[in-house]
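Step one of this worksheet: look at the structure below.
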Amino acid sequence: MSLSFWQQRRRAQALAYDVVIVGGGIVGCSTAYWLQRHNPSLNVALVEAEALGSGASGRNAGFILQGTAADYLSDVERYGERTARRLWRFTRTSRDLMEAELRGHAFGWTSDGSLTVAGDEEEDERLRASVGRLRAAGAPVVYLEPEQTNQRLHSTGLYGGLFVTTGAVVNPLKLVHHLAAKSTADVHTHLPVKGIRWDYDDGVLLETPDQSLWSRRVVLAVGSALPSLVPALSSVVRPVRAQMLATAPAETQAIPVPVYSHRGGFYIRQEEEGHVLVGGGRHAHRRAEETDVDATTPAVQATIERYLHTHFPWTQDLPIQRRWSGTMGFSPDGRPVVGPVPGQPDSIFATGFTGHGMGYGFRMGRLLAQRITGARRPDGYELFSVSRLDEETGCPNASPRPSSSNR
Ligand SMILES: Cc1cc2nc3c(=O)[nH]c(=O)nc-3n(C[C@H](O)[C@H](O)[C@H](O)COP(=O)(O)OP(=O)(O)OC[C@H]3O[C@@H](n4cnc5c(N)ncnc54)[C@H](O)[C@@H]3O)c2cc1C
């Protein structure tokens, strides 16, 4: 395309970069981190519409769990043993890299294990039955009987649980800031990308209200907002709301590890100052939570409180200090989706982390950094490649089935 005098002037005024990353969540910030780690001479920009971590990455529970949001047997049934295993290992590597690469004390890294707990007998059986398979996949996992589980958590009415020694928690907002600070990217916050002009002067022009940015290569890590920038990708991700609350600090530390329960329908942790953070309940209000409206609702909050007070009765007198919500991007088959922007082989996107982006994010950033700097199929790419989905419907090509996770 030829450029007029005026267009050329606009292009000249645009900030030019080797790579522009759009989205300052865990995925965008991890990509920025790995780009500088592998290629410090690259001139990288990280562009975020609001503040870093203003989306799901700064609003979540901070669980760094392995596997997907569903239980391992469900993953095996859905994706086959080989893929389930590879997904588990990908997230395990993500966790291990985080521990090895970063200074955990900067973002509250604590890895005392995690518990996936059953909410009924059937789930208990499934968890128990998955132990052998998980171990074969390399998962350091122990089954705890219901009594042991409730004793350990000072809870009541929960069933058995899987204790995974590699489970961890972080302060997710601090993590995102840490990653951005460790990268050498120019971080532009409060700069929403309003339009993208592909094929502009041999590159891509990203238009914001204040400033244009130009680059040959773009990484879109905007979570569920992807279709607003690339409508052709509207079938690969949909917004789903999640809600949480935090109590006033309890005097004792009673929940020693992060707990994921009722098929991921609830999750609870006790933060170091004693606050109990709990979320979920979406499965009881599924239709209402298929939205990108950032607001809590009395119905979901009541479901969360009921869970909290039923299973952790010692929290009943703790005032609720904060309630919040966040928007997650769900993919059609529960797995993240990565691929080239349609018609733009030099630009890529990653979305659809389906309630589990903290588990995938750091390793995914490495994959995206490798891909945008020339690797065609970095390790793990085919696990998440958009090519598995039907172009029009977004359904998996082989076995279309809706996401079964409760989170
Ligand atoms: C309440 C809650 C609890 C959760 N708990 C957990 C958990 O414990 N463990 C776990 O693994 N996962 C959890 N998740 C899911 C996890 O938070 C997400 O999977 C993950 O944060 C997704 O990261 P992301 O970088 O893809 O997206 P986001 O964090 O949503 O980041 C995308 C960013 O892009 C920006 N953006 C969007 N459009 C534009 C634009 N046009 N221009 C510039 N910037 C733009 C947004 O402002 C946003 O900051 C939870 C989610 C919620 C909401």
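A note on labels: chains of the structure tokens are A, B, ... as shown, every chain counts residues from 1, and ligands are counted from 1 in their shown order.
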May I have the residues within 7 Å of ligand 1, computed using only C-alpha atoms and all ligand atoms, as a compact mmCIF listing (two decimals) with all heavy atoms, in the first residue's frame?
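The resulting file, pocket-v6.txt, is shown below:
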```txt
# COMPACT_ATOMS: atom_id res chain seq x y z
N VAL A 22 0.48 -6.27 23.22
CA VAL A 22 -0.71 -5.57 23.69
C VAL A 22 -1.33 -6.41 24.82
O VAL A 22 -1.64 -7.58 24.62
CB VAL A 22 -1.75 -5.36 22.57
CG1 VAL A 22 -2.90 -4.48 23.07
CG2 VAL A 22 -1.09 -4.72 21.35
N GLY A 23 -1.48 -5.80 26.01
CA GLY A 23 -2.07 -6.49 27.15
C GLY A 23 -1.06 -6.68 28.27
O GLY A 23 -0.06 -7.39 28.12
N GLY A 24 -1.32 -6.02 29.40
CA GLY A 24 -0.40 -6.08 30.54
C GLY A 24 -0.90 -7.00 31.63
O GLY A 24 -0.93 -6.64 32.81
N GLY A 25 -1.29 -8.23 31.25
CA GLY A 25 -1.63 -9.26 32.23
C GLY A 25 -0.47 -10.23 32.35
O GLY A 25 0.65 -9.96 31.88
N ILE A 26 -0.73 -11.39 32.95
CA ILE A 26 0.34 -12.38 33.16
C ILE A 26 0.95 -12.82 31.83
O ILE A 26 2.16 -13.00 31.71
CB ILE A 26 -0.18 -13.60 33.97
CG1 ILE A 26 0.91 -14.65 34.19
CG2 ILE A 26 -1.36 -14.29 33.29
CD1 ILE A 26 1.92 -14.30 35.19
N VAL A 27 0.13 -12.93 30.79
CA VAL A 27 0.64 -13.45 29.51
C VAL A 27 1.49 -12.39 28.80
O VAL A 27 2.61 -12.67 28.37
CB VAL A 27 -0.53 -13.94 28.63
CG1 VAL A 27 -0.02 -14.43 27.28
CG2 VAL A 27 -1.29 -15.06 29.34
N GLY A 28 0.98 -11.16 28.72
CA GLY A 28 1.75 -10.10 28.08
C GLY A 28 3.04 -9.80 28.82
O GLY A 28 4.12 -9.67 28.22
N VAL A 47 1.93 -2.52 25.84
CA VAL A 47 0.87 -1.52 25.83
C VAL A 47 -0.33 -2.04 26.60
O VAL A 47 -0.85 -3.11 26.28
CB VAL A 47 0.44 -1.20 24.38
CG1 VAL A 47 -0.55 -0.05 24.37
CG2 VAL A 47 1.64 -0.86 23.52
N GLU A 48 -0.78 -1.31 27.58
CA GLU A 48 -1.89 -1.76 28.43
C GLU A 48 -2.96 -0.65 28.49
O GLU A 48 -2.63 0.52 28.69
CB GLU A 48 -1.35 -2.10 29.83
CG GLU A 48 -2.38 -2.19 30.93
CD GLU A 48 -3.53 -3.16 30.67
OE1 GLU A 48 -3.29 -4.29 30.24
OE2 GLU A 48 -4.71 -2.76 30.90
N ALA A 49 -4.21 -1.06 28.29
CA ALA A 49 -5.32 -0.09 28.24
C ALA A 49 -5.50 0.66 29.56
O ALA A 49 -5.82 1.85 29.58
CB ALA A 49 -6.62 -0.80 27.89
N GLU A 50 -5.30 -0.04 30.67
CA GLU A 50 -5.48 0.60 31.98
C GLU A 50 -4.14 0.52 32.74
O GLU A 50 -3.14 0.95 32.22
CB GLU A 50 -6.62 -0.07 32.72
CG GLU A 50 -7.95 0.11 31.95
CD GLU A 50 -9.10 -0.61 32.60
OE1 GLU A 50 -9.19 -0.64 33.83
OE2 GLU A 50 -9.92 -1.16 31.85
N ALA A 51 -4.20 -0.04 33.96
CA ALA A 51 -2.93 -0.24 34.68
C ALA A 51 -2.49 -1.68 34.46
O ALA A 51 -3.32 -2.53 34.11
CB ALA A 51 -3.14 0.03 36.16
N LEU A 52 -1.23 -2.00 34.71
CA LEU A 52 -0.79 -3.39 34.63
C LEU A 52 -1.63 -4.21 35.61
O LEU A 52 -1.87 -3.78 36.75
CB LEU A 52 0.70 -3.52 35.02
CG LEU A 52 1.72 -2.91 34.06
CD1 LEU A 52 3.13 -3.14 34.61
CD2 LEU A 52 1.59 -3.51 32.66
N GLY A 53 -2.06 -5.39 35.17
CA GLY A 53 -2.85 -6.25 36.06
C GLY A 53 -4.24 -5.75 36.34
O GLY A 53 -4.87 -6.16 37.31
N SER A 54 -4.75 -4.87 35.50
CA SER A 54 -6.12 -4.38 35.78
C SER A 54 -7.16 -5.41 35.35
O SER A 54 -8.30 -5.36 35.79
CB SER A 54 -6.37 -3.04 35.08
OG SER A 54 -6.20 -3.21 33.70
N GLY A 55 -6.78 -6.35 34.50
CA GLY A 55 -7.71 -7.41 34.09
C GLY A 55 -7.65 -8.59 35.05
O GLY A 55 -7.29 -8.44 36.23
N ALA A 56 -7.95 -9.77 34.54
CA ALA A 56 -8.03 -10.97 35.39
C ALA A 56 -6.74 -11.22 36.16
O ALA A 56 -6.78 -11.69 37.31
CB ALA A 56 -8.36 -12.18 34.52
N SER A 57 -5.60 -10.85 35.56
CA SER A 57 -4.32 -11.19 36.21
C SER A 57 -4.10 -10.46 37.53
O SER A 57 -3.31 -10.92 38.35
CB SER A 57 -3.16 -10.89 35.25
OG SER A 57 -3.29 -11.66 34.09
N GLY A 58 -4.76 -9.34 37.73
CA GLY A 58 -4.63 -8.65 39.01
C GLY A 58 -5.84 -8.85 39.90
O GLY A 58 -5.98 -8.19 40.94
N ARG A 59 -6.73 -9.78 39.52
CA ARG A 59 -7.98 -9.95 40.26
C ARG A 59 -8.20 -11.39 40.71
O ARG A 59 -9.25 -11.73 41.23
CB ARG A 59 -9.17 -9.58 39.36
CG ARG A 59 -9.15 -8.15 38.93
CD ARG A 59 -10.14 -7.84 37.84
NE ARG A 59 -10.21 -6.41 37.70
CZ ARG A 59 -10.99 -5.64 38.46
NH1 ARG A 59 -11.80 -6.18 39.33
NH2 ARG A 59 -10.97 -4.34 38.33
N ASN A 60 -7.23 -12.24 40.44
CA ASN A 60 -7.47 -13.67 40.68
C ASN A 60 -7.01 -14.10 42.07
O ASN A 60 -6.56 -13.29 42.88
CB ASN A 60 -6.83 -14.51 39.57
CG ASN A 60 -5.32 -14.35 39.53
OD1 ASN A 60 -4.64 -14.66 40.50
ND2 ASN A 60 -4.80 -13.84 38.42
N ALA A 61 -7.11 -15.42 42.31
CA ALA A 61 -6.78 -15.95 43.63
C ALA A 61 -5.29 -16.20 43.81
O ALA A 61 -4.84 -16.50 44.91
CB ALA A 61 -7.55 -17.25 43.85
N GLY A 62 -4.53 -16.12 42.71
CA GLY A 62 -3.09 -16.31 42.80
C GLY A 62 -2.65 -17.75 42.97
O GLY A 62 -1.54 -18.02 43.43
N PHE A 63 -3.51 -18.70 42.57
CA PHE A 63 -3.12 -20.12 42.65
C PHE A 63 -2.24 -20.46 41.45
O PHE A 63 -2.60 -20.18 40.32
CB PHE A 63 -4.35 -21.04 42.55
CG PHE A 63 -5.24 -21.07 43.77
CD1 PHE A 63 -5.22 -20.06 44.71
CD2 PHE A 63 -6.12 -22.12 43.96
CE1 PHE A 63 -6.05 -20.09 45.82
CE2 PHE A 63 -6.95 -22.17 45.06
CZ PHE A 63 -6.93 -21.15 46.00
N ILE A 64 -1.11 -21.07 41.73
CA ILE A 64 -0.27 -21.58 40.65
C ILE A 64 -0.41 -23.10 40.71
O ILE A 64 0.34 -23.79 41.41
CB ILE A 64 1.21 -21.16 40.83
CG1 ILE A 64 1.33 -19.63 41.03
CG2 ILE A 64 2.07 -21.64 39.67
CD1 ILE A 64 0.99 -18.79 39.82
N LEU A 65 -1.43 -23.59 40.00
CA LEU A 65 -1.72 -25.03 40.05
C LEU A 65 -1.30 -25.68 38.74
O LEU A 65 -1.23 -25.02 37.70
CB LEU A 65 -3.21 -25.27 40.27
CG LEU A 65 -3.81 -24.66 41.54
CD1 LEU A 65 -5.24 -25.13 41.72
CD2 LEU A 65 -2.98 -25.02 42.76
N LEU A 191 -3.18 3.25 27.86
CA LEU A 191 -3.07 3.50 26.43
C LEU A 191 -3.85 2.40 25.68
O LEU A 191 -3.25 1.43 25.20
CB LEU A 191 -1.60 3.50 26.02
CG LEU A 191 -1.23 4.28 24.76
CD1 LEU A 191 -1.51 5.77 24.92
CD2 LEU A 191 0.25 4.07 24.42
N PRO A 192 -5.17 2.53 25.61
CA PRO A 192 -5.94 1.46 24.94
C PRO A 192 -5.72 1.47 23.44
O PRO A 192 -5.77 2.52 22.81
CB PRO A 192 -7.41 1.84 25.27
CG PRO A 192 -7.38 3.30 25.58
CD PRO A 192 -6.02 3.59 26.17
N VAL A 193 -5.45 0.30 22.90
CA VAL A 193 -5.36 0.18 21.44
C VAL A 193 -6.78 0.18 20.90
O VAL A 193 -7.60 -0.68 21.25
CB VAL A 193 -4.62 -1.12 21.05
CG1 VAL A 193 -4.67 -1.34 19.54
CG2 VAL A 193 -3.17 -1.06 21.53
N LYS A 194 -7.09 1.17 20.10
CA LYS A 194 -8.46 1.32 19.60
C LYS A 194 -8.63 0.74 18.22
O LYS A 194 -9.74 0.43 17.78
CB LYS A 194 -8.85 2.81 19.58
CG LYS A 194 -8.95 3.43 20.95
CD LYS A 194 -10.17 2.89 21.67
CE LYS A 194 -10.40 3.63 22.98
NZ LYS A 194 -11.42 2.98 23.81
N ALA A 221 -2.16 -10.13 23.69
CA ALA A 221 -2.37 -10.89 24.92
C ALA A 221 -3.43 -10.16 25.74
O ALA A 221 -3.19 -9.74 26.86
CB ALA A 221 -1.06 -11.02 25.70
N VAL A 222 -4.59 -9.98 25.12
CA VAL A 222 -5.62 -9.11 25.71
C VAL A 222 -6.77 -9.90 26.34
O VAL A 222 -7.84 -9.35 26.58
CB VAL A 222 -6.17 -8.12 24.66
CG1 VAL A 222 -5.10 -7.11 24.25
CG2 VAL A 222 -6.72 -8.84 23.43
N GLY A 223 -6.55 -11.17 26.62
CA GLY A 223 -7.58 -11.98 27.28
C GLY A 223 -8.84 -12.06 26.45
O GLY A 223 -8.80 -12.24 25.22
N SER A 224 -9.98 -11.87 27.12
CA SER A 224 -11.27 -12.04 26.43
C SER A 224 -11.58 -10.87 25.49
O SER A 224 -12.57 -10.92 24.76
CB SER A 224 -12.39 -12.20 27.45
OG SER A 224 -12.50 -11.01 28.20
N ALA A 225 -10.75 -9.81 25.51
CA ALA A 225 -11.02 -8.65 24.64
C ALA A 225 -10.54 -8.87 23.21
O ALA A 225 -10.71 -8.00 22.36
CB ALA A 225 -10.35 -7.40 25.23
N LEU A 226 -9.97 -10.04 22.93
CA LEU A 226 -9.37 -10.27 21.61
C LEU A 226 -10.32 -9.97 20.44
O LEU A 226 -9.92 -9.29 19.49
CB LEU A 226 -8.85 -11.71 21.53
CG LEU A 226 -8.14 -12.09 20.23
CD1 LEU A 226 -6.86 -11.29 20.04
CD2 LEU A 226 -7.83 -13.58 20.20
N LEU A 229 -10.43 -6.51 18.92
CA LEU A 229 -9.31 -6.09 18.06
C LEU A 229 -9.25 -6.91 16.78
O LEU A 229 -8.83 -6.40 15.74
CB LEU A 229 -7.99 -6.20 18.83
CG LEU A 229 -7.82 -5.23 20.00
CD1 LEU A 229 -6.49 -5.46 20.71
CD2 LEU A 229 -7.92 -3.78 19.54
N ARG A 241 -17.40 -14.34 33.73
CA ARG A 241 -17.07 -13.59 34.95
C ARG A 241 -16.78 -14.55 36.11
O ARG A 241 -17.39 -15.60 36.23
CB ARG A 241 -18.25 -12.69 35.33
CG ARG A 241 -17.98 -11.82 36.55
CD ARG A 241 -19.02 -10.73 36.67
NE ARG A 241 -20.37 -11.26 36.83
CZ ARG A 241 -21.47 -10.54 36.63
NH1 ARG A 241 -21.38 -9.28 36.28
NH2 ARG A 241 -22.66 -11.09 36.79
N ALA A 242 -15.85 -14.14 36.96
CA ALA A 242 -15.58 -14.87 38.20
C ALA A 242 -15.66 -13.87 39.34
O ALA A 242 -15.29 -12.70 39.18
CB ALA A 242 -14.21 -15.51 38.16
N GLN A 243 -16.16 -14.34 40.50
CA GLN A 243 -16.30 -13.44 41.65
C GLN A 243 -15.58 -14.01 42.86
O GLN A 243 -15.48 -15.23 43.02
CB GLN A 243 -17.78 -13.25 41.99
CG GLN A 243 -18.59 -12.64 40.85
CD GLN A 243 -19.99 -12.26 41.27
OE1 GLN A 243 -20.23 -11.86 42.42
NE2 GLN A 243 -20.93 -12.36 40.34
N MET A 244 -15.09 -13.09 43.69
CA MET A 244 -14.40 -13.49 44.91
C MET A 244 -14.79 -12.58 46.06
O MET A 244 -15.45 -11.56 45.85
CB MET A 244 -12.87 -13.39 44.71
CG MET A 244 -12.29 -14.39 43.76
SD MET A 244 -10.47 -14.43 43.85
CE MET A 244 -10.19 -15.14 45.48
N GLY A 279 -13.44 -17.79 46.32
CA GLY A 279 -14.15 -17.43 45.09
C GLY A 279 -14.83 -18.62 44.48
O GLY A 279 -14.72 -19.75 44.96
N SER A 325 -14.93 -8.80 41.21
CA SER A 325 -15.13 -9.71 40.09
C SER A 325 -14.03 -9.49 39.06
O SER A 325 -13.27 -8.52 39.14
CB SER A 325 -16.49 -9.46 39.43
OG SER A 325 -16.50 -8.21 38.79
N GLY A 326 -13.95 -10.36 38.09
CA GLY A 326 -12.98 -10.23 37.00
C GLY A 326 -13.48 -11.02 35.80
O GLY A 326 -14.30 -11.92 35.95
N THR A 327 -12.98 -10.65 34.64
CA THR A 327 -13.43 -11.34 33.42
C THR A 327 -12.35 -12.27 32.91
O THR A 327 -11.21 -11.86 32.69
CB THR A 327 -13.74 -10.31 32.31
OG1 THR A 327 -14.62 -9.33 32.86
CG2 THR A 327 -14.41 -10.99 31.12
N MET A 328 -12.72 -13.52 32.74
CA MET A 328 -11.79 -14.52 32.21
C MET A 328 -12.14 -14.77 30.75
O MET A 328 -13.27 -14.57 30.32
CB MET A 328 -11.93 -15.84 32.98
CG MET A 328 -11.86 -15.66 34.49
SD MET A 328 -12.10 -17.21 35.40
CE MET A 328 -13.84 -17.52 35.15
N GLY A 329 -11.17 -15.27 29.99
CA GLY A 329 -11.44 -15.69 28.61
C GLY A 329 -11.54 -17.21 28.58
O GLY A 329 -10.59 -17.89 28.96
N ALA A 350 -2.63 -14.96 22.02
CA ALA A 350 -2.82 -16.06 22.99
C ALA A 350 -3.98 -15.66 23.88
O ALA A 350 -4.01 -14.55 24.41
CB ALA A 350 -1.57 -16.26 23.82
N THR A 351 -4.93 -16.56 24.01
CA THR A 351 -6.14 -16.24 24.79
C THR A 351 -6.76 -17.54 25.30
O THR A 351 -6.20 -18.62 25.13
CB THR A 351 -7.14 -15.46 23.89
OG1 THR A 351 -8.20 -14.95 24.71
CG2 THR A 351 -7.74 -16.34 22.79
N PHE A 353 -7.53 -18.84 28.47
CA PHE A 353 -6.86 -19.62 29.51
C PHE A 353 -7.85 -20.30 30.47
O PHE A 353 -7.45 -21.00 31.39
CB PHE A 353 -5.82 -18.76 30.25
CG PHE A 353 -4.66 -18.45 29.35
CD1 PHE A 353 -4.67 -17.36 28.49
CD2 PHE A 353 -3.57 -19.31 29.29
CE1 PHE A 353 -3.63 -17.11 27.62
CE2 PHE A 353 -2.52 -19.07 28.42
CZ PHE A 353 -2.54 -17.98 27.58
N THR A 354 -9.14 -20.05 30.26
CA THR A 354 -10.22 -20.81 30.90
C THR A 354 -10.02 -20.97 32.42
O THR A 354 -10.03 -22.08 32.97
CB THR A 354 -10.39 -22.18 30.18
OG1 THR A 354 -10.40 -21.95 28.76
CG2 THR A 354 -11.70 -22.85 30.54
N GLY A 355 -9.82 -19.85 33.08
CA GLY A 355 -9.75 -19.86 34.54
C GLY A 355 -8.45 -20.37 35.11
O GLY A 355 -8.35 -20.62 36.31
N HIS A 356 -7.40 -20.51 34.27
CA HIS A 356 -6.19 -21.15 34.77
C HIS A 356 -4.91 -20.47 34.28
O HIS A 356 -3.84 -21.08 34.24
CB HIS A 356 -6.21 -22.61 34.30
CG HIS A 356 -5.79 -23.57 35.35
ND1 HIS A 356 -6.36 -23.64 36.60
CD2 HIS A 356 -4.83 -24.53 35.35
CE1 HIS A 356 -5.79 -24.59 37.29
NE2 HIS A 356 -4.84 -25.14 36.57
N GLY A 357 -5.05 -19.21 33.88
CA GLY A 357 -3.93 -18.53 33.23
C GLY A 357 -2.70 -18.32 34.09
O GLY A 357 -1.59 -18.18 33.58
N MET A 358 -2.87 -18.33 35.42
CA MET A 358 -1.69 -18.17 36.27
C MET A 358 -0.83 -19.44 36.22
O MET A 358 0.38 -19.38 36.38
CB MET A 358 -2.09 -17.87 37.71
CG MET A 358 -2.95 -16.63 37.88
SD MET A 358 -2.22 -15.16 37.15
CE MET A 358 -0.84 -14.88 38.23
N GLY A 359 -1.51 -20.57 36.01
CA GLY A 359 -0.78 -21.83 35.89
C GLY A 359 0.00 -21.93 34.58
O GLY A 359 1.09 -22.50 34.53
N TYR A 360 -0.55 -21.38 33.51
CA TYR A 360 0.10 -21.47 32.20
C TYR A 360 1.03 -20.30 31.90
O TYR A 360 1.94 -20.42 31.08
CB TYR A 360 -0.96 -21.41 31.09
CG TYR A 360 -1.86 -22.59 30.92
CD1 TYR A 360 -3.18 -22.55 31.35
CD2 TYR A 360 -1.42 -23.74 30.27
CE1 TYR A 360 -4.04 -23.61 31.14
CE2 TYR A 360 -2.27 -24.81 30.07
CZ TYR A 360 -3.58 -24.74 30.51
OH TYR A 360 -4.43 -25.79 30.31
N GLY A 361 0.71 -19.12 32.48
CA GLY A 361 1.17 -17.87 31.93
C GLY A 361 2.66 -17.68 31.73
O GLY A 361 3.09 -17.20 30.68
```
Q: Give me every alpha helix (DSSP H) residue in range 117-277 of chain A, going by DSSP on the backbone, as a PyMOL selection string.
A: chain A and resi 121-136+146-153+172-182+226-229
Extract, using only C-alpha atoms, all DNA, RNA and protein residues at most 10 Å from Pro313 in chain A, discarding same-chain residues fewer than 6 positions from it, and format them as a PDB file with all heavy atoms, in the first residue's frame.
```pdb
ATOM      1  N   HIS A 154      -9.010 -27.519  58.827  1.00  0.00           N
ATOM      2  CA  HIS A 154      -9.944 -27.016  59.842  1.00  0.00           C
ATOM      3  C   HIS A 154     -11.305 -26.786  59.201  1.00  0.00           C
ATOM      4  O   HIS A 154     -11.935 -25.746  59.381  1.00  0.00           O
ATOM      5  CB  HIS A 154      -9.408 -25.731  60.498  1.00  0.00           C
ATOM      6  CG  HIS A 154      -8.091 -25.944  61.170  1.00  0.00           C
ATOM      7  ND1 HIS A 154      -6.899 -25.733  60.540  1.00  0.00           N
ATOM      8  CD2 HIS A 154      -7.791 -26.390  62.412  1.00  0.00           C
ATOM      9  CE1 HIS A 154      -5.895 -26.031  61.351  1.00  0.00           C
ATOM     10  NE2 HIS A 154      -6.413 -26.440  62.501  1.00  0.00           N
ATOM     11  N   SER A 155     -11.702 -27.759  58.391  1.00  0.00           N
ATOM     12  CA  SER A 155     -12.967 -27.634  57.651  1.00  0.00           C
ATOM     13  C   SER A 155     -13.911 -28.739  58.066  1.00  0.00           C
ATOM     14  O   SER A 155     -13.550 -29.641  58.822  1.00  0.00           O
ATOM     15  CB  SER A 155     -12.684 -27.732  56.146  1.00  0.00           C
ATOM     16  OG  SER A 155     -12.047 -28.968  55.853  1.00  0.00           O
ATOM     17  N   THR A 156     -15.120 -28.650  57.563  1.00  0.00           N
ATOM     18  CA  THR A 156     -16.076 -29.696  57.857  1.00  0.00           C
ATOM     19  C   THR A 156     -16.877 -30.020  56.593  1.00  0.00           C
ATOM     20  O   THR A 156     -17.147 -29.131  55.785  1.00  0.00           O
ATOM     21  CB  THR A 156     -17.001 -29.267  59.038  1.00  0.00           C
ATOM     22  OG1 THR A 156     -18.105 -30.134  59.074  1.00  0.00           O
ATOM     23  CG2 THR A 156     -17.530 -27.879  58.892  1.00  0.00           C
ATOM     24  N   ARG A 306     -22.049 -19.001  51.467  1.00  0.00           N
ATOM     25  CA  ARG A 306     -22.635 -20.246  51.987  1.00  0.00           C
ATOM     26  C   ARG A 306     -21.564 -21.344  52.025  1.00  0.00           C
ATOM     27  O   ARG A 306     -21.437 -22.077  52.993  1.00  0.00           O
ATOM     28  CB  ARG A 306     -23.825 -20.649  51.107  1.00  0.00           C
ATOM     29  CG  ARG A 306     -24.784 -21.579  51.793  1.00  0.00           C
ATOM     30  CD  ARG A 306     -26.173 -21.634  51.183  1.00  0.00           C
ATOM     31  NE  ARG A 306     -26.192 -21.639  49.736  1.00  0.00           N
ATOM     32  CZ  ARG A 306     -26.649 -20.639  48.987  1.00  0.00           C
ATOM     33  NH1 ARG A 306     -27.132 -19.548  49.569  1.00  0.00           N
ATOM     34  NH2 ARG A 306     -26.654 -20.714  47.674  1.00  0.00           N
ATOM     35  N   TYR A 307     -20.817 -21.432  50.960  1.00  0.00           N
ATOM     36  CA  TYR A 307     -19.729 -22.429  50.905  1.00  0.00           C
ATOM     37  C   TYR A 307     -18.737 -22.186  52.045  1.00  0.00           C
ATOM     38  O   TYR A 307     -18.371 -23.094  52.794  1.00  0.00           O
ATOM     39  CB  TYR A 307     -19.012 -22.314  49.551  1.00  0.00           C
ATOM     40  CG  TYR A 307     -17.688 -23.026  49.489  1.00  0.00           C
ATOM     41  CD1 TYR A 307     -17.617 -24.393  49.250  1.00  0.00           C
ATOM     42  CD2 TYR A 307     -16.490 -22.325  49.679  1.00  0.00           C
ATOM     43  CE1 TYR A 307     -16.393 -25.051  49.191  1.00  0.00           C
ATOM     44  CE2 TYR A 307     -15.261 -22.972  49.622  1.00  0.00           C
ATOM     45  CZ  TYR A 307     -15.220 -24.333  49.382  1.00  0.00           C
ATOM     46  OH  TYR A 307     -14.008 -24.972  49.336  1.00  0.00           O
TER      47      TYR A 307
END
```
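The space separating CA of Arg95 in chain A from CA of Arg323 in chain A comes to 27.9 Å.
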Q: Tell me which of A:Leu277, A:Ala288, A:Val259, A:Leu35 sits closest to Gly119 in chain A, counting only C-alpha atoms.
A: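 Between A:Leu277, A:Ala288, A:Val259, A:Leu35, the residue approaching Gly119 in chain A most closely is A:Val259.
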Q. Hey, which of A:Asp333, A:Asp96, A:Glu382, A:Glu251 ends up closest to Leu318 in chain A? Count only C-alpha atoms.
A. A:Glu251
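Among the candidates A:Asn39, A:Thr310, A:Gln211, A:Gln316, the one nearest to Gly374 in chain A when counting only C-alpha atoms is A:Asn39.
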Q | Separation of CA of Leu134 in chain A from CA of Arg86 in chain A, in Å and rounded to one decimal | A |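 According to the coordinates, CA of Leu134 in chain A and CA of Arg86 in chain A are separated by 11.4 Å.
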Q: Compare A:Phe107, A:Asp186, A:Leu73, A:Leu389 by their minimum atom-to-atom distance to Asn43 in chain A, counting only C-alpha atoms, and give me the closest one.
A: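 Closest residue, counting only C-alpha atoms: A:Asp186.
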Q: Go through A:Ser94, A:Thr110, A:Thr297, A:Thr83 one by one, measure the shortest atom-to-atom distance of each to Leu383 in chain A using only C-alpha atoms, and give the residue with the smallest value.
A: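 Smallest distance to Leu383 in chain A is found for A:Thr83.
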Q | Every residue of range 253-386 of chain A that DSSP places in strand (DSSP E), as a ChimeraX atom specification | A | /A:259-261,266-270,276-280,320-330,337-341,344-351
Q.
Just checking: using only C-alpha atoms, which residue out of A:Leu97, A:Ala185, A:Val76, A:Val386 ends up closest to Ala32 in chain A?
A. A:Ala185
(Q) Report as a PyMOL selection string all protein, DNA and RNA residues lying within 7 Å of Leu115 in chain A, evaluated on only C-alpha atoms, omitting residues in the same chain fewer than 2 positions from it. (A) chain A and resi 117+161-164+257-260
Q: Could you jot down the CA of Gln344 in chain A to CA of His38 in chain A separation for me, Å, one decimal place?
A: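 According to the coordinates, CA of Gln344 in chain A and CA of His38 in chain A are separated by 23.4 Å.
Residues with any atom within 12 Å of Ile304 in chain A, counting only C-alpha atoms and excluding same-chain neighbours fewer than 6 positions away, are A:Ala242, A:Gln243, A:Met244, A:Leu245, A:Ala246, A:Thr247, A:Gly265, A:Phe266, A:Tyr267, A:Ile268, A:Leu277, A:Val278, A:Gly279, A:Gly280, A:Gly281, A:Arg282, A:His283, A:Ala284, A:His285, A:Thr296, A:Thr297, A:Pro298, A:Thr310, A:His311, A:Phe312, A:Ile320, A:Arg323, A:Trp324.
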